[in-house]
Amino acid sequence: MELGGEVTWDSPADTSALQDYLVYLGSSSSRLQLGVLTANALAIPAETPKNAFDSVLVYTRSSLVEQTSPASLWLVDNEATVANISFMDMDLDKADLGGVITWTPAGADELVTQYAVYFAESLCEEEANETSDAYGENSTAAPLCNWLHIETVNSSNTSIQLPAETPLLNYTHLAVFTRSVLVEQRTPGQGPISDASASVGQLTFHDLDLDDSQLGGDIAWAPATGWASARVEAYHIYLAPDEAASQRQLLGRRSLGEEALAVPPETDMFAYSYITAFTSSSLAEQRPQYVVASALRKDVDAI
């Protein structure tokens, strides 16, 4: 547990013999001096260990002696760590992320001025000692390292939008730190990242247009499978010059449940050699380099 903030007090009614004030952290058995000053306030630095102390003690002192009965104030160690960090990845590419990150305020949230959101990795061996000290011996949170700042928002916000095609890299967790006017907390709320990936399978096309360089027939595919398939809303079907589909021409769009597309006869193939199917969520279409359901167009030329 740590402290940080300002201690203030009123001067005694009679200050004629007052030389200065001595301020301590105290308990029933010990005390630790924080400062000697003539002003009526003392700033306790952020991240000052609370240890077993339970009060702040302020003694007056004359040129002769320190008083024996101080003014005292019970310590309240405020904590504000967010809870229920949630992220639904709506970017359907493997190793790419996109969607809304949300969290729930918790603890002394009236002291929070900002939330800082980060990517983080699971425990790095070289930082094990440092992170275990910060999290504490009894913490159930996973120690994290290699932080990457995403965004900082005011305390009135409890969500941010992560853009589509954000690289996952080696990150395993999302972390949200609270900030007061004094300092950013050392132990954040955290949640694991689940990377959604959903591509169609068994893409087929049988060309029934018998003219050279023209297409016609049915394209069919199997829907995406796995837990991320529930995030697929539509299919986008293209002609492309290669499997990467960096340059492509749209043939049509189909809703979920419509796993077929009829290509009209006499559709010009131009320089295209592939038919490529992309899944699409409410956020974005797959990126071309991650398309795995490409089928070589078999053009049937009958003379």
# chains A, B, ... in the order shown; residues from 1 in each chain; ligands from 1

$ select_by_dssp --residues "segment 44-119 of chain A" --states "strand (DSSP E or B)" --output "number ranges by chain"
A: 44-49, 55-61, 66, 71-74, 83-87, 96-104, 114-119

$ write_last_selection --atoms "N, CA and C atoms" --output "mmCIF file, in the first residue's frame"
data_model
loop_
_atom_site.group_PDB
_atom_site.id
_atom_site.type_symbol
_atom_site.label_atom_id
_atom_site.label_comp_id
_atom_site.auth_asym_id
_atom_site.auth_seq_id
_atom_site.Cartn_x
_atom_site.Cartn_y
_atom_site.Cartn_z
ATOM 1 N N ILE A 44 3.055 14.852 0.644
ATOM 2 C CA ILE A 44 3.630 13.513 0.763
ATOM 3 C C ILE A 44 3.871 12.996 -0.651
ATOM 4 N N PRO A 45 5.096 12.627 -1.000
ATOM 5 C CA PRO A 45 5.381 12.191 -2.376
ATOM 6 C C PRO A 45 4.561 10.963 -2.761
ATOM 7 N N ALA A 46 4.232 10.879 -4.037
ATOM 8 C CA ALA A 46 3.553 9.687 -4.548
ATOM 9 C C ALA A 46 4.400 8.451 -4.290
ATOM 10 N N GLU A 47 3.714 7.325 -4.071
ATOM 11 C CA GLU A 47 4.338 6.017 -3.878
ATOM 12 C C GLU A 47 5.152 5.936 -2.584
ATOM 13 N N THR A 48 4.770 6.742 -1.569
ATOM 14 C CA THR A 48 5.371 6.614 -0.244
ATOM 15 C C THR A 48 4.794 5.375 0.434
ATOM 16 N N PRO A 49 5.618 4.420 0.862
ATOM 17 C CA PRO A 49 5.077 3.202 1.485
ATOM 18 C C PRO A 49 4.293 3.520 2.756
ATOM 19 N N SER A 55 -1.738 6.655 10.837
ATOM 20 C CA SER A 55 -2.149 8.045 11.048
ATOM 21 C C SER A 55 -1.038 9.004 10.650
ATOM 22 N N VAL A 56 -1.441 10.262 10.440
ATOM 23 C CA VAL A 56 -0.502 11.369 10.260
ATOM 24 C C VAL A 56 -0.511 12.177 11.554
ATOM 25 N N LEU A 57 0.671 12.482 12.066
ATOM 26 C CA LEU A 57 0.815 13.216 13.325
ATOM 27 C C LEU A 57 1.488 14.554 13.047
ATOM 28 N N VAL A 58 0.939 15.635 13.602
ATOM 29 C CA VAL A 58 1.529 16.964 13.448
ATOM 30 C C VAL A 58 1.803 17.534 14.843
ATOM 31 N N TYR A 59 3.089 17.756 15.124
ATOM 32 C CA TYR A 59 3.521 18.320 16.405
ATOM 33 C C TYR A 59 3.918 19.780 16.203
ATOM 34 N N THR A 60 3.582 20.611 17.159
ATOM 35 C CA THR A 60 4.154 21.957 17.189
ATOM 36 C C THR A 60 5.437 21.918 18.010
ATOM 37 N N ARG A 61 6.342 22.862 17.702
ATOM 38 C CA ARG A 61 7.600 22.925 18.444
ATOM 39 C C ARG A 61 7.976 24.381 18.674
ATOM 40 N N GLU A 66 9.445 20.111 21.819
ATOM 41 C CA GLU A 66 8.371 19.608 20.947
ATOM 42 C C GLU A 66 7.198 19.195 21.817
ATOM 43 N N ALA A 71 -1.604 16.763 17.042
ATOM 44 C CA ALA A 71 -2.840 16.608 16.276
ATOM 45 C C ALA A 71 -2.659 15.382 15.378
ATOM 46 N N SER A 72 -3.731 14.617 15.187
ATOM 47 C CA SER A 72 -3.594 13.379 14.415
ATOM 48 C C SER A 72 -4.747 13.226 13.428
ATOM 49 N N LEU A 73 -4.473 12.487 12.378
ATOM 50 C CA LEU A 73 -5.466 12.210 11.341
ATOM 51 C C LEU A 73 -5.297 10.770 10.895
ATOM 52 N N TRP A 74 -6.403 9.996 10.948
ATOM 53 C CA TRP A 74 -6.337 8.610 10.497
ATOM 54 C C TRP A 74 -6.102 8.565 8.992
ATOM 55 N N ALA A 83 -12.248 -2.513 -13.228
ATOM 56 C CA ALA A 83 -12.630 -3.927 -13.262
ATOM 57 C C ALA A 83 -13.309 -4.226 -14.600
ATOM 58 N N ASN A 84 -13.523 -5.511 -14.841
ATOM 59 C CA ASN A 84 -14.313 -5.972 -15.996
ATOM 60 C C ASN A 84 -13.806 -5.419 -17.326
ATOM 61 N N ILE A 85 -12.488 -5.473 -17.535
ATOM 62 C CA ILE A 85 -11.947 -5.054 -18.831
ATOM 63 C C ILE A 85 -12.421 -6.040 -19.897
ATOM 64 N N SER A 86 -13.015 -5.498 -20.945
ATOM 65 C CA SER A 86 -13.607 -6.335 -21.986
ATOM 66 C C SER A 86 -13.164 -5.852 -23.357
ATOM 67 N N PHE A 87 -12.852 -6.801 -24.235
ATOM 68 C CA PHE A 87 -12.492 -6.467 -25.612
ATOM 69 C C PHE A 87 -13.001 -7.562 -26.535
ATOM 70 N N ASP A 96 -4.226 -9.556 -36.100
ATOM 71 C CA ASP A 96 -4.664 -8.162 -36.154
ATOM 72 C C ASP A 96 -5.838 -7.987 -35.202
ATOM 73 N N LEU A 97 -5.935 -6.803 -34.608
ATOM 74 C CA LEU A 97 -6.996 -6.514 -33.651
ATOM 75 C C LEU A 97 -7.784 -5.287 -34.083
ATOM 76 N N GLY A 98 -9.011 -5.200 -33.609
ATOM 77 C CA GLY A 98 -9.838 -4.022 -33.825
ATOM 78 C C GLY A 98 -11.154 -4.186 -33.087
ATOM 79 N N GLY A 99 -11.618 -3.130 -32.450
ATOM 80 C CA GLY A 99 -12.876 -3.209 -31.710
ATOM 81 C C GLY A 99 -12.866 -2.253 -30.532
ATOM 82 N N VAL A 100 -13.834 -2.399 -29.656
ATOM 83 C CA VAL A 100 -14.007 -1.491 -28.524
ATOM 84 C C VAL A 100 -13.468 -2.142 -27.252
ATOM 85 N N ILE A 101 -12.627 -1.410 -26.532
ATOM 86 C CA ILE A 101 -12.142 -1.821 -25.214
ATOM 87 C C ILE A 101 -12.971 -1.077 -24.171
ATOM 88 N N THR A 102 -13.563 -1.805 -23.233
ATOM 89 C CA THR A 102 -14.374 -1.183 -22.190
ATOM 90 C C THR A 102 -13.896 -1.634 -20.818
ATOM 91 N N TRP A 103 -14.263 -0.872 -19.790
ATOM 92 C CA TRP A 103 -13.940 -1.232 -18.411
ATOM 93 C C TRP A 103 -14.950 -0.582 -17.472
ATOM 94 N N THR A 104 -14.952 -1.039 -16.224
ATOM 95 C CA THR A 104 -15.860 -0.523 -15.209
ATOM 96 C C THR A 104 -15.059 0.178 -14.125
ATOM 97 N N GLN A 114 -7.984 10.468 -15.148
ATOM 98 C CA GLN A 114 -7.750 9.897 -16.473
ATOM 99 C C GLN A 114 -7.594 8.382 -16.378
ATOM 100 N N TYR A 115 -7.824 7.728 -17.518
ATOM 101 C CA TYR A 115 -7.504 6.311 -17.684
ATOM 102 C C TYR A 115 -6.467 6.196 -18.802
ATOM 103 N N ALA A 116 -5.418 5.421 -18.559
ATOM 104 C CA ALA A 116 -4.385 5.178 -19.565
ATOM 105 C C ALA A 116 -4.425 3.702 -19.953
ATOM 106 N N VAL A 117 -4.597 3.435 -21.247
ATOM 107 C CA VAL A 117 -4.784 2.069 -21.741
ATOM 108 C C VAL A 117 -3.516 1.618 -22.465
ATOM 109 N N TYR A 118 -3.091 0.384 -22.173
ATOM 110 C CA TYR A 118 -1.841 -0.147 -22.718
ATOM 111 C C TYR A 118 -2.033 -1.571 -23.230
ATOM 112 N N PHE A 119 -1.194 -1.948 -24.206
ATOM 113 C CA PHE A 119 -0.903 -3.350 -24.474
ATOM 114 C C PHE A 119 0.212 -3.777 -23.527
#

$ residues_around --residues "Lys50 of chain A" --least-positions-apart "6" --cutoff "8 Å" --atoms "only C-alpha atoms" --output "count of residues only"
3

$ closest_residue --among "A:Glu151, A:Asp14, A:Glu6, A:Glu110" --to "Leu34 of chain A" --atoms "only C-alpha atoms"
A:Glu6

$ atom_distance --atom1 "atom CA of Leu37 of chain A" --atom2 "atom CA of Leu22 of chain A"
6.7 Å

$ residues_around --residues "Ala164 of chain A" --least-positions-apart "4" --cutoff "10 Å" --atoms "only C-alpha atoms" --output "PyMOL selection string"
chain A and resi 89-93+96-99+283-287

$ residues_around --residues "segment 227-240 of chain A" --least-positions-apart "5" --cutoff "7 Å" --atoms "only C-alpha atoms" --output "count of residues only"
26

$ closest_residue --among "A:Leu169, A:Val176, A:Ala260, A:Ala222" --to "Lys94 of chain A" --atoms "only C-alpha atoms"
A:Leu169

$ residues_around --residues "Ala108 of chain A" --least-positions-apart "5" --cutoff "7 Å" --atoms "only C-alpha atoms" --output "short mmCIF file (atom, residue, chain, number, x, y, z; two decimals) with N, CA and C atoms, in the first residue's frame"
data_model
loop_
_atom_site.label_atom_id
_atom_site.label_comp_id
_atom_site.auth_asym_id
_atom_site.auth_seq_id
_atom_site.Cartn_x
_atom_site.Cartn_y
_atom_site.Cartn_z
N ASN A 78 -6.55 5.20 -0.35
CA ASN A 78 -7.51 5.07 -1.45
C ASN A 78 -6.96 4.22 -2.57
N GLU A 79 -7.81 3.36 -3.12
CA GLU A 79 -7.44 2.54 -4.27
C GLU A 79 -8.51 2.69 -5.34
N ALA A 80 -8.08 2.83 -6.57
CA ALA A 80 -9.02 2.93 -7.69
C ALA A 80 -8.47 2.13 -8.86
#

$ closest_residue --among "A:Asp195, A:Asp20, A:Asp54, A:Glu266" --to "Ala39 of chain A" --atoms "only C-alpha atoms"
A:Asp20

$ atom_distance --atom1 "atom CA of Ala17 of chain A" --atom2 "atom CA of Gly35 of chain A"
19.6 Å

$ closest_residue --among "A:Asn51, A:Ser122, A:Ser155, A:Thr225" --to "Ile193 of chain A" --atoms "only C-alpha atoms"
A:Ser122

$ atom_distance --atom1 "atom CA of Pro264 of chain A" --atom2 "atom CA of Gly216 of chain A"
5.1 Å
